[in-house]
$ cat structure.txt   # compact mmCIF, C-alpha atoms
# COMPACT_ATOMS: atom_id res chain seq x y z
CA MET J 103 203.53 20.23 122.60
CA LEU J 104 203.86 16.68 123.88
CA ASN J 105 201.17 14.14 124.73
CA GLU J 106 201.06 11.98 127.89
CA SER J 107 203.60 9.54 126.46
CA GLY J 108 206.02 12.32 125.52
CA LYS J 109 205.31 12.16 121.79
CA LEU J 110 205.32 15.40 119.77
CA VAL J 111 201.74 16.17 118.73
CA GLY J 112 201.92 19.79 117.69
CA ILE J 113 203.50 23.24 117.96
CA ILE J 114 201.96 26.22 119.73
CA THR J 115 202.65 29.42 117.84
CA LYS J 116 202.37 33.06 118.97
CA GLY J 117 199.20 33.25 116.89
CA ASP J 118 197.66 30.33 118.84
CA ILE J 119 198.40 32.10 122.12
CA THR J 120 196.91 35.41 120.91
CA ARG J 121 193.84 33.60 119.54
CA GLY J 122 193.43 31.73 122.82
CA ILE J 123 193.65 34.92 124.88
CA LEU J 124 191.16 36.71 122.62
CA THR J 125 188.72 33.78 122.82
CA ALA J 126 188.98 33.77 126.62
CA LEU J 127 188.44 37.54 126.74
CA GLN J 128 185.43 37.30 124.44
CA LYS J 129 183.95 34.55 126.63
CA ASP J 130 184.40 36.65 129.79
CA TYR J 131 182.94 39.69 128.02
CA LYS J 132 179.86 37.73 126.92
CA VAL J 133 179.29 36.39 130.45
CA GLU J 134 179.55 39.94 131.84
CA GLU J 135 177.23 41.30 129.14
CA VAL J 136 174.59 38.66 129.86
CA ARG J 137 174.88 39.32 133.60
CA ARG J 138 174.46 43.07 133.10
CA TYR J 139 171.57 42.59 130.69
CA ARG J 140 169.70 40.31 133.08
CA ALA J 141 170.17 42.72 136.01
CA SER J 142 169.18 45.82 134.06
CA HIS J 143 166.01 44.13 132.75
CA LEU J 144 164.97 42.71 136.10
CA PHE J 145 161.90 44.88 136.45
CA GLU J 146 160.82 44.35 132.84
CA ASP J 147 161.24 40.58 132.92
CA ILE J 148 159.15 39.94 136.03
CA THR J 149 155.40 40.30 135.65
CA SER J 150 153.60 41.39 138.78
CA ASP J 151 151.39 44.21 140.04
CA ARG J 152 154.39 45.61 141.92
CA THR J 153 157.98 44.40 141.82
CA SER J 154 160.50 45.56 144.40
CA LEU J 155 164.06 44.55 145.09
CA ILE J 156 165.10 44.70 148.74
CA MET J 157 168.72 44.58 149.87
CA ARG J 158 169.84 44.51 153.51
CA TYR J 159 173.26 45.29 154.91
CA ASN J 160 174.26 44.76 158.55
CA ILE J 161 176.78 47.39 159.65
CA LYS J 162 178.99 46.77 162.68
CA ALA J 163 179.85 49.57 165.10
CA GLY J 164 183.54 50.49 165.06
CA ASP J 165 184.32 48.48 161.91
CA TYR J 166 186.35 51.20 160.17
CA GLN J 167 188.14 48.65 158.04
CA ASN J 168 184.92 47.85 156.15
CA GLY J 169 183.38 51.32 156.44
CA GLY J 170 182.02 52.24 153.03
CA GLN J 171 181.80 48.68 151.77
CA ALA J 172 177.99 48.60 151.85
CA SER J 173 177.79 51.95 150.00
CA SER J 174 180.18 50.67 147.34
CA ASN J 175 178.14 47.48 146.96
CA ILE J 176 174.91 49.45 146.69
CA LYS J 177 176.38 51.75 144.07
CA ARG J 178 177.61 48.78 142.06
CA ALA J 179 174.21 47.06 142.35
CA LEU J 180 172.41 50.15 141.10
CA LEU J 181 174.70 50.41 138.08
CA ARG J 182 174.04 46.75 137.32
CA LEU J 183 170.32 47.43 137.55
CA GLY J 184 170.69 50.10 134.88
CA ALA J 185 170.82 53.27 137.01
CA SER J 186 172.66 56.25 135.56
CA PRO J 187 176.16 56.93 137.00
CA GLN J 188 174.80 60.21 138.45
CA LEU J 189 171.97 58.43 140.29
CA ALA J 190 174.29 55.67 141.53
CA ARG J 191 176.72 58.32 142.82
CA GLN J 192 173.95 60.20 144.64
CA CYS J 193 172.70 57.02 146.31
CA GLY J 194 176.24 55.98 147.17
CA ILE J 195 177.03 59.32 148.81
CA ALA J 196 173.80 59.44 150.83
CA ILE J 197 174.24 55.87 152.02
CA TYR J 198 177.96 56.32 152.76
CA GLU J 199 177.16 59.14 155.18
CA ALA J 200 174.55 56.96 156.91
CA GLU J 201 176.83 53.93 156.93
CA MET J 202 179.74 55.81 158.52
CA ASN J 203 177.39 57.20 161.15
CA LEU J 204 176.46 53.63 162.06
CA VAL J 205 180.16 52.69 162.22
CA ILE J 206 181.30 55.74 164.21
CA HIS J 207 178.43 56.75 166.46
CA THR J 208 176.21 53.77 167.26
CA THR J 209 176.61 51.39 170.17
CA GLU J 210 175.79 48.19 168.28
CA GLY J 211 175.83 49.17 164.62
CA GLY J 212 172.68 49.06 162.55
CA ILE J 213 170.91 47.97 159.39
CA ILE J 214 170.69 49.55 155.96
CA ARG J 215 167.63 48.51 153.99
CA MET J 216 167.43 49.46 150.33
CA GLN J 217 164.16 49.05 148.49
CA ILE J 218 164.33 49.56 144.76
CA ASP J 219 161.06 50.07 142.92
CA PRO J 220 160.65 51.01 139.27
CA HIS J 221 159.64 54.54 140.30
CA ARG J 222 161.78 55.17 143.40
CA ILE J 223 164.63 54.12 145.66
CA LEU J 224 163.80 53.93 149.36
CA MET J 225 166.64 53.78 151.88
CA GLN J 226 166.02 53.03 155.55
CA VAL J 227 168.82 53.12 158.08
CA THR J 228 168.08 52.01 161.65
CA ASP J 229 170.10 51.55 164.80
CA THR J 230 169.44 50.80 168.45
CA GLY J 231 171.28 53.66 170.05
CA PRO J 232 172.53 55.80 171.61
CA GLY J 233 170.10 58.19 169.84
CA ILE J 234 170.40 61.91 169.06
CA PRO J 235 169.87 64.22 172.08
CA ASP J 236 168.61 67.32 170.22
CA ILE J 237 167.37 66.44 166.77
CA ASN J 238 166.18 70.00 166.02
CA LEU J 239 169.70 71.39 166.49
CA ALA J 240 171.11 68.93 163.99
CA CYS J 241 168.28 69.35 161.52
CA ARG J 242 168.39 73.15 161.17
CA PRO J 243 169.42 74.36 157.68
CA VAL J 244 173.19 74.44 157.24
CA ILE J 245 172.91 77.90 155.63
CA GLN J 246 172.40 79.45 159.09
CA PRO J 247 175.62 80.22 160.98
CA PRO J 248 175.96 77.80 163.91
CA PRO J 249 175.04 79.03 167.39
CA ARG J 250 178.03 80.09 169.54
CA LYS J 251 177.70 77.17 171.90
CA CYS J 252 176.97 74.38 169.46
CA ALA J 253 178.01 70.83 170.24
CA ILE J 254 180.54 69.32 167.86
CA TRP J 255 178.30 66.33 167.20
CA ALA J 256 175.50 68.66 166.09
CA LEU J 257 177.78 70.47 163.63
CA ALA J 258 179.05 67.18 162.22
CA LEU J 259 175.56 65.74 161.89
CA GLU J 260 174.38 68.97 160.29
CA TRP J 261 176.95 68.52 157.54
CA VAL J 262 176.08 64.89 157.08
CA LEU J 263 172.37 65.67 156.79
CA ALA J 264 173.05 68.54 154.36
CA ASN J 265 175.04 66.19 152.18
CA MET J 266 172.27 63.59 152.26
CA ARG J 267 169.54 66.13 151.49
CA ARG J 268 171.48 67.22 148.44
CA CYS J 269 171.27 63.69 147.09
CA VAL J 270 167.68 62.70 147.88
CA ASP J 271 164.14 63.97 147.36
CA ARG J 272 162.89 63.19 150.86
CA LEU J 273 164.68 62.76 154.17
CA GLU J 274 163.12 61.97 157.53
CA LEU J 275 165.00 61.50 160.78
CA GLU J 276 163.53 60.19 164.01
CA SER J 277 165.52 59.54 167.14
CA THR J 278 165.00 58.72 170.81
CA VAL J 279 167.87 58.73 173.26
CA GLY J 280 168.36 55.24 174.62
CA LYS J 281 166.24 53.65 171.91
CA GLY J 282 167.83 54.50 168.60
CA THR J 283 167.56 56.38 165.34
CA LYS J 284 165.65 55.79 162.12
CA LEU J 285 166.58 57.57 158.93
CA VAL J 286 164.45 57.36 155.80
CA MET J 287 165.60 58.70 152.45
CA GLU J 288 163.77 58.51 149.16
CA ILE J 289 164.83 59.23 145.62
CA LEU J 290 162.10 59.51 143.00
CA LEU J 291 163.23 58.13 139.69
CA SER J 292 162.56 61.09 137.45
CA PRO J 293 165.34 62.34 135.17
CA MET J 294 164.26 65.97 135.57
CA LYS J 295 164.71 65.79 139.33
CA VAL J 296 168.19 64.36 139.01
CA LEU J 297 169.16 67.34 136.85
CA LYS J 298 167.50 69.81 139.20
CA ARG J 299 169.33 68.45 142.23
CA THR J 300 172.74 68.85 140.65
CA ARG J 301 172.07 72.56 140.04
CA ASN J 302 170.97 73.28 143.62
CA ARG J 303 174.18 72.82 145.54
CA THR J 304 174.28 72.81 149.31
CA PRO J 305 175.77 76.03 150.73
CA CYS J 306 179.36 75.72 151.93
CA PRO J 307 181.19 77.74 154.59
CA LEU J 308 184.00 80.02 153.41
CA PRO J 309 187.26 80.42 155.37
CA ASN J 310 186.22 83.92 156.52
CA GLY J 311 183.13 82.52 158.21
CA GLU J 312 180.69 83.66 155.54
CA TRP J 313 178.50 81.25 153.61
CA LYS J 314 178.27 80.88 149.89
CA MET G 20 197.73 67.70 131.16
CA THR G 21 197.84 64.05 132.17
CA LEU G 22 198.15 62.51 135.60
CA GLN G 23 201.61 61.30 134.61
CA ASP G 24 202.65 64.93 133.88
CA ILE G 25 201.37 66.03 137.27
CA ILE G 26 203.19 63.19 139.05
CA GLU G 27 206.46 64.12 137.33
CA GLN G 28 206.20 67.90 137.64
CA LEU G 29 205.21 67.89 141.30
CA ASP G 30 207.64 65.07 142.05
CA LEU G 31 205.00 62.92 143.74
CA THR G 32 205.72 59.58 145.34
CA VAL G 33 203.33 57.07 143.81
CA TYR G 34 202.11 54.41 146.22
CA THR G 35 199.91 52.33 143.96
CA GLU G 36 200.75 50.15 140.97
CA PRO G 37 201.16 52.14 137.74
CA LYS G 38 197.92 52.01 135.72
CA GLY G 39 198.39 54.03 132.58
CA PHE G 40 198.62 57.41 134.29
CA ALA G 41 199.49 59.01 130.94
CA ALA G 42 195.97 58.20 129.70
CA ILE G 43 194.21 59.88 132.64
CA HIS G 44 193.27 63.54 132.15
CA PRO G 45 192.08 65.04 135.44
CA GLY G 46 189.35 67.58 134.78
CA SER G 47 189.63 69.55 138.02
CA GLY G 48 190.92 69.47 141.57
CA TYR G 49 189.49 69.61 145.08
CA ALA G 50 191.34 70.27 148.33
CA ALA G 51 189.50 69.31 151.53
CA ASP G 52 189.91 67.12 154.58
CA LEU G 53 186.27 66.80 155.64
CA LEU G 54 185.04 63.69 153.88
CA SER G 55 181.46 64.93 153.61
CA CYS G 56 182.72 68.06 151.83
CA VAL G 57 184.69 65.99 149.36
CA MET G 58 181.69 63.85 148.47
CA ALA G 59 179.56 66.95 148.08
CA GLY G 60 182.02 69.01 146.10
CA ALA G 61 184.61 66.91 144.27
CA SER G 62 183.79 66.30 140.62
CA SER G 63 184.17 62.99 138.84
CA GLU G 64 187.63 62.53 137.35
CA SER G 65 189.13 65.21 139.59
CA ILE G 66 192.24 65.12 141.80
CA TRP G 67 191.62 65.20 145.54
CA VAL G 68 194.27 66.80 147.77
CA THR G 69 194.00 65.90 151.46
CA LEU G 70 196.07 65.38 154.58
CA GLN G 71 193.87 62.43 155.54
CA ALA G 72 195.63 59.11 155.07
CA HIS G 73 193.29 56.66 156.80
CA ILE G 74 191.33 53.80 155.29
CA ASN G 75 188.10 55.74 154.75
CA ILE G 76 189.61 57.95 152.04
CA VAL G 77 189.52 54.95 149.71
CA ALA G 78 185.75 54.55 149.94
CA VAL G 79 185.22 58.31 149.61
CA ALA G 80 187.52 58.49 146.59
CA ALA G 81 185.63 55.64 144.94
CA LEU G 82 182.20 57.12 145.67
CA ALA G 83 183.23 60.59 144.53
CA GLU G 84 184.85 58.99 141.45
CA VAL G 85 188.02 61.03 141.75
CA CYS G 86 190.86 59.85 139.53
CA ALA G 87 193.67 60.41 142.03
CA VAL G 88 194.28 61.20 145.68
CA ILE G 89 197.28 63.31 146.68
CA ILE G 90 198.14 63.02 150.35
CA SER G 91 199.77 66.23 151.62
CA GLU G 92 201.52 67.35 154.82
CA GLY G 93 203.91 64.40 154.66
CA ALA G 94 201.23 61.98 155.88
CA VAL G 95 201.94 58.39 154.92
CA PRO G 96 199.06 55.97 154.27
CA GLU G 97 199.01 52.65 156.12
CA PRO G 98 199.67 49.53 154.00
CA ASP G 99 195.99 48.55 154.26
CA VAL G 100 194.98 51.87 152.65
CA ILE G 101 197.21 51.20 149.65
CA GLU G 102 196.07 47.60 149.44
CA LYS G 103 192.38 48.52 149.54
CA SER G 104 192.82 51.24 146.93
CA GLN G 105 194.10 48.61 144.51
CA HIS G 106 191.49 45.98 145.37
CA PRO G 107 189.76 44.95 142.15
CA GLY G 108 186.48 44.31 143.94
CA HIS G 109 186.46 47.77 145.37
CA HIS G 110 187.06 49.82 142.28
CA THR G 111 185.30 47.71 139.76
CA ALA G 112 185.41 48.02 136.04
CA TRP G 113 182.44 50.29 135.69
CA HIS G 114 184.33 53.49 135.96
CA GLN G 115 187.68 55.15 135.71
CA SER G 116 187.89 55.13 139.48
CA ASP G 117 189.60 51.88 138.66
CA HIS G 118 192.65 54.07 138.74
CA LEU G 119 193.21 55.22 142.27
CA PRO G 120 196.82 56.26 142.46
CA GLY G 121 197.83 57.63 145.80
CA GLY G 122 200.65 60.12 145.66
CA ARG G 123 202.53 61.71 148.55
CA SER G 124 203.70 65.21 147.90
CA PRO G 125 207.12 66.51 148.88
CA VAL G 126 205.63 70.03 148.70
CA GLY G 127 204.31 69.45 152.21
CA ASN G 128 201.36 71.72 152.79
CA GLY G 129 198.06 71.06 151.04
CA HIS G 130 197.31 74.63 150.00
CA PRO G 131 200.62 75.38 148.20
CA LEU G 132 200.26 71.98 146.56
CA ALA G 133 196.77 72.84 145.29
CA GLY G 134 198.19 76.15 144.03
CA SER G 135 201.03 74.35 142.21
CA LEU G 136 198.50 72.03 140.63
CA ALA G 137 196.42 74.96 139.41
CA ILE G 138 199.51 76.63 137.90
CA GLN G 139 200.61 73.39 136.21
CA GLN G 140 197.13 72.89 134.80
CA SER G 141 197.03 76.44 133.51
CA MET G 142 200.47 76.08 131.90
CA GLY G 143 199.33 72.81 130.31
CA ARG G 144 196.35 74.58 128.74
CA ASN G 145 198.51 77.40 127.38
CA GLN G 146 200.92 75.07 125.64
$ encode --input "structure.txt" --output "structure tokens"
Amino acid sequence: MLNESGKLVGIITKGDITRGILTALQKDYKVEEVRRYRASHLFEDITSDRTSLIMRYNIKAGDYQNGGQASSNIKRALLRLGASPQLARQCGIAIYEAEMNLVIHTTEGGIIRMQIDPHRILMQVTDTGPGIPDINLACRPVIQPPPRKCAIWALALEWVLANMRRCVDRLELESTVGKGTKLVMEILLSPMKVLKRTRNRTPCPLPNGEWK
Amino acid sequence: MTLQDIIEQLDLTVYTEPKGFAAIHPGSGYAADLLSCVMAGASSESIWVTLQAHINIVAVAALAEVCAVIISEGAVPEPDVIEKSQHPGHHTAWHQSDHLPGGRSPVGNGHPLAGSLAIQQSMGRNQ
């Protein structure tokens, strides 16, 4: 190793390189650990009568390239906040369905609003249109065979809603044609409910038309 | 049976950068093309067989935490699909979905491919 004037000042050995890499790795690991610790203790560290974390994501209509990005970010944020992988996956799946509906079916996209409280996760998804023509058709239980003349959009939405219901404790859908749609989903943060939900799987259609 | 074994025995074309496939042990498999079904039914660390090759399979694979996607029916993913599947920001270090190898199967049809996978897995267990 030479100094600025070209004079030999030392020799770098393989051991120096290994030590340097390990030190750099340890430094990065510590930074990551501190970051994770701070995020996961957010609710414990802040003293207030009620602490909530609100995250907003603006979703553009027709932006397939970034479809799923908000869901991925939300899932990552929940893991950083200390959520279990199972809970983060459930939230991610429910929000992905809502996000892709904003991308595919809305005229101007919409907004995802996530509110994280110590006892629950509240997800609100709103758009300004076009709205759902027959909300009752889409909201019927997926276990019933579809009517003979059922619109494709209703069948698709039925699946989406069934998937969301499987992941959340409460789901409410309001829609007015020409005005827009509002979807509210809530997950109560109780470990027992997470276990219960994984046992109650949504019925799936079999190739022969029957339902399991 | 490891992912590397499956890649070799089914002669899959791997589209993504090699990431220690020999250390990945897929627990199960899921064959479906409806993305909602995959998210509802595919288990973590499973292999997903689909004919879909568009960009949205990357997000679904990450959310469902599958360890590999096998694209059947000769469909070829666009370059942006492969690029996104390897994006470090997308599949972050919190899970094994870090590894998102995309393989194209020469078997062609998705159902025979899923059958071959099941047989391979069963043979692997019996050894």
$ interface_residues --input "structure.txt" --of "chain J" --to "chain G" --cutoff "10 Å" --atoms "all atoms listed in the file" --output "number ranges by chain"
J: 166-175, 177-178, 181-182, 187-188, 190-196, 198-199, 202, 258, 261-266, 268-269, 303-304, 306
$ closest_residue --input "structure.txt" --among "G:Ala137, G:Glu92, G:Leu22, G:Glu36" --to "G:Glu64" --atoms "all atoms listed in the file"
G:Leu22
$ residues_around --input "structure.txt" --residues "stretch 211-225 of chain J" --least-positions-apart "4" --cutoff "6 Å" --atoms "all atoms listed in the file" --output "PyMOL selection string"
chain J and resi 154-163+204+229+286-291
$ residues_near_point --input "structure.txt" --point "(189.9, 62.5, 138.1)" --cutoff "6 Å" --atoms "only C-alpha atoms" --output "tab-separated table (two decimals) with C-alpha atoms, in the frame of the given file"
chain	number	residue	atom	x	y	z
G	45	PRO	CA	192.08	65.04	135.44
G	63	SER	CA	184.17	62.99	138.84
G	64	GLU	CA	187.63	62.53	137.35
G	65	SER	CA	189.13	65.21	139.59
G	66	ILE	CA	192.24	65.12	141.80
G	85	VAL	CA	188.02	61.03	141.75
G	86	CYS	CA	190.86	59.85	139.53
G	87	ALA	CA	193.67	60.41	142.03
$ axis_aligned_box --input "structure.txt" --around "stretch 163-170 of chain J" --padding-each-side "5 Å" --output "AutoDock Vina command-line options"
--center_x 184.0 --center_y 50.0 --center_z 159.1 --size_x 18.3 --size_y 14.4 --size_z 22.1
$ closest_residue --input "structure.txt" --among "G:Val88, G:Pro37, G:Tyr49, G:Ile43" --to "G:Asp24" --atoms "all atoms listed in the file"
G:Ile43
$ closest_residue --input "structure.txt" --among "G:Gln71, G:Ser62, G:Ser47, G:Gln23" --to "G:Ala94" --atoms "all atoms listed in the file"
G:Gln71
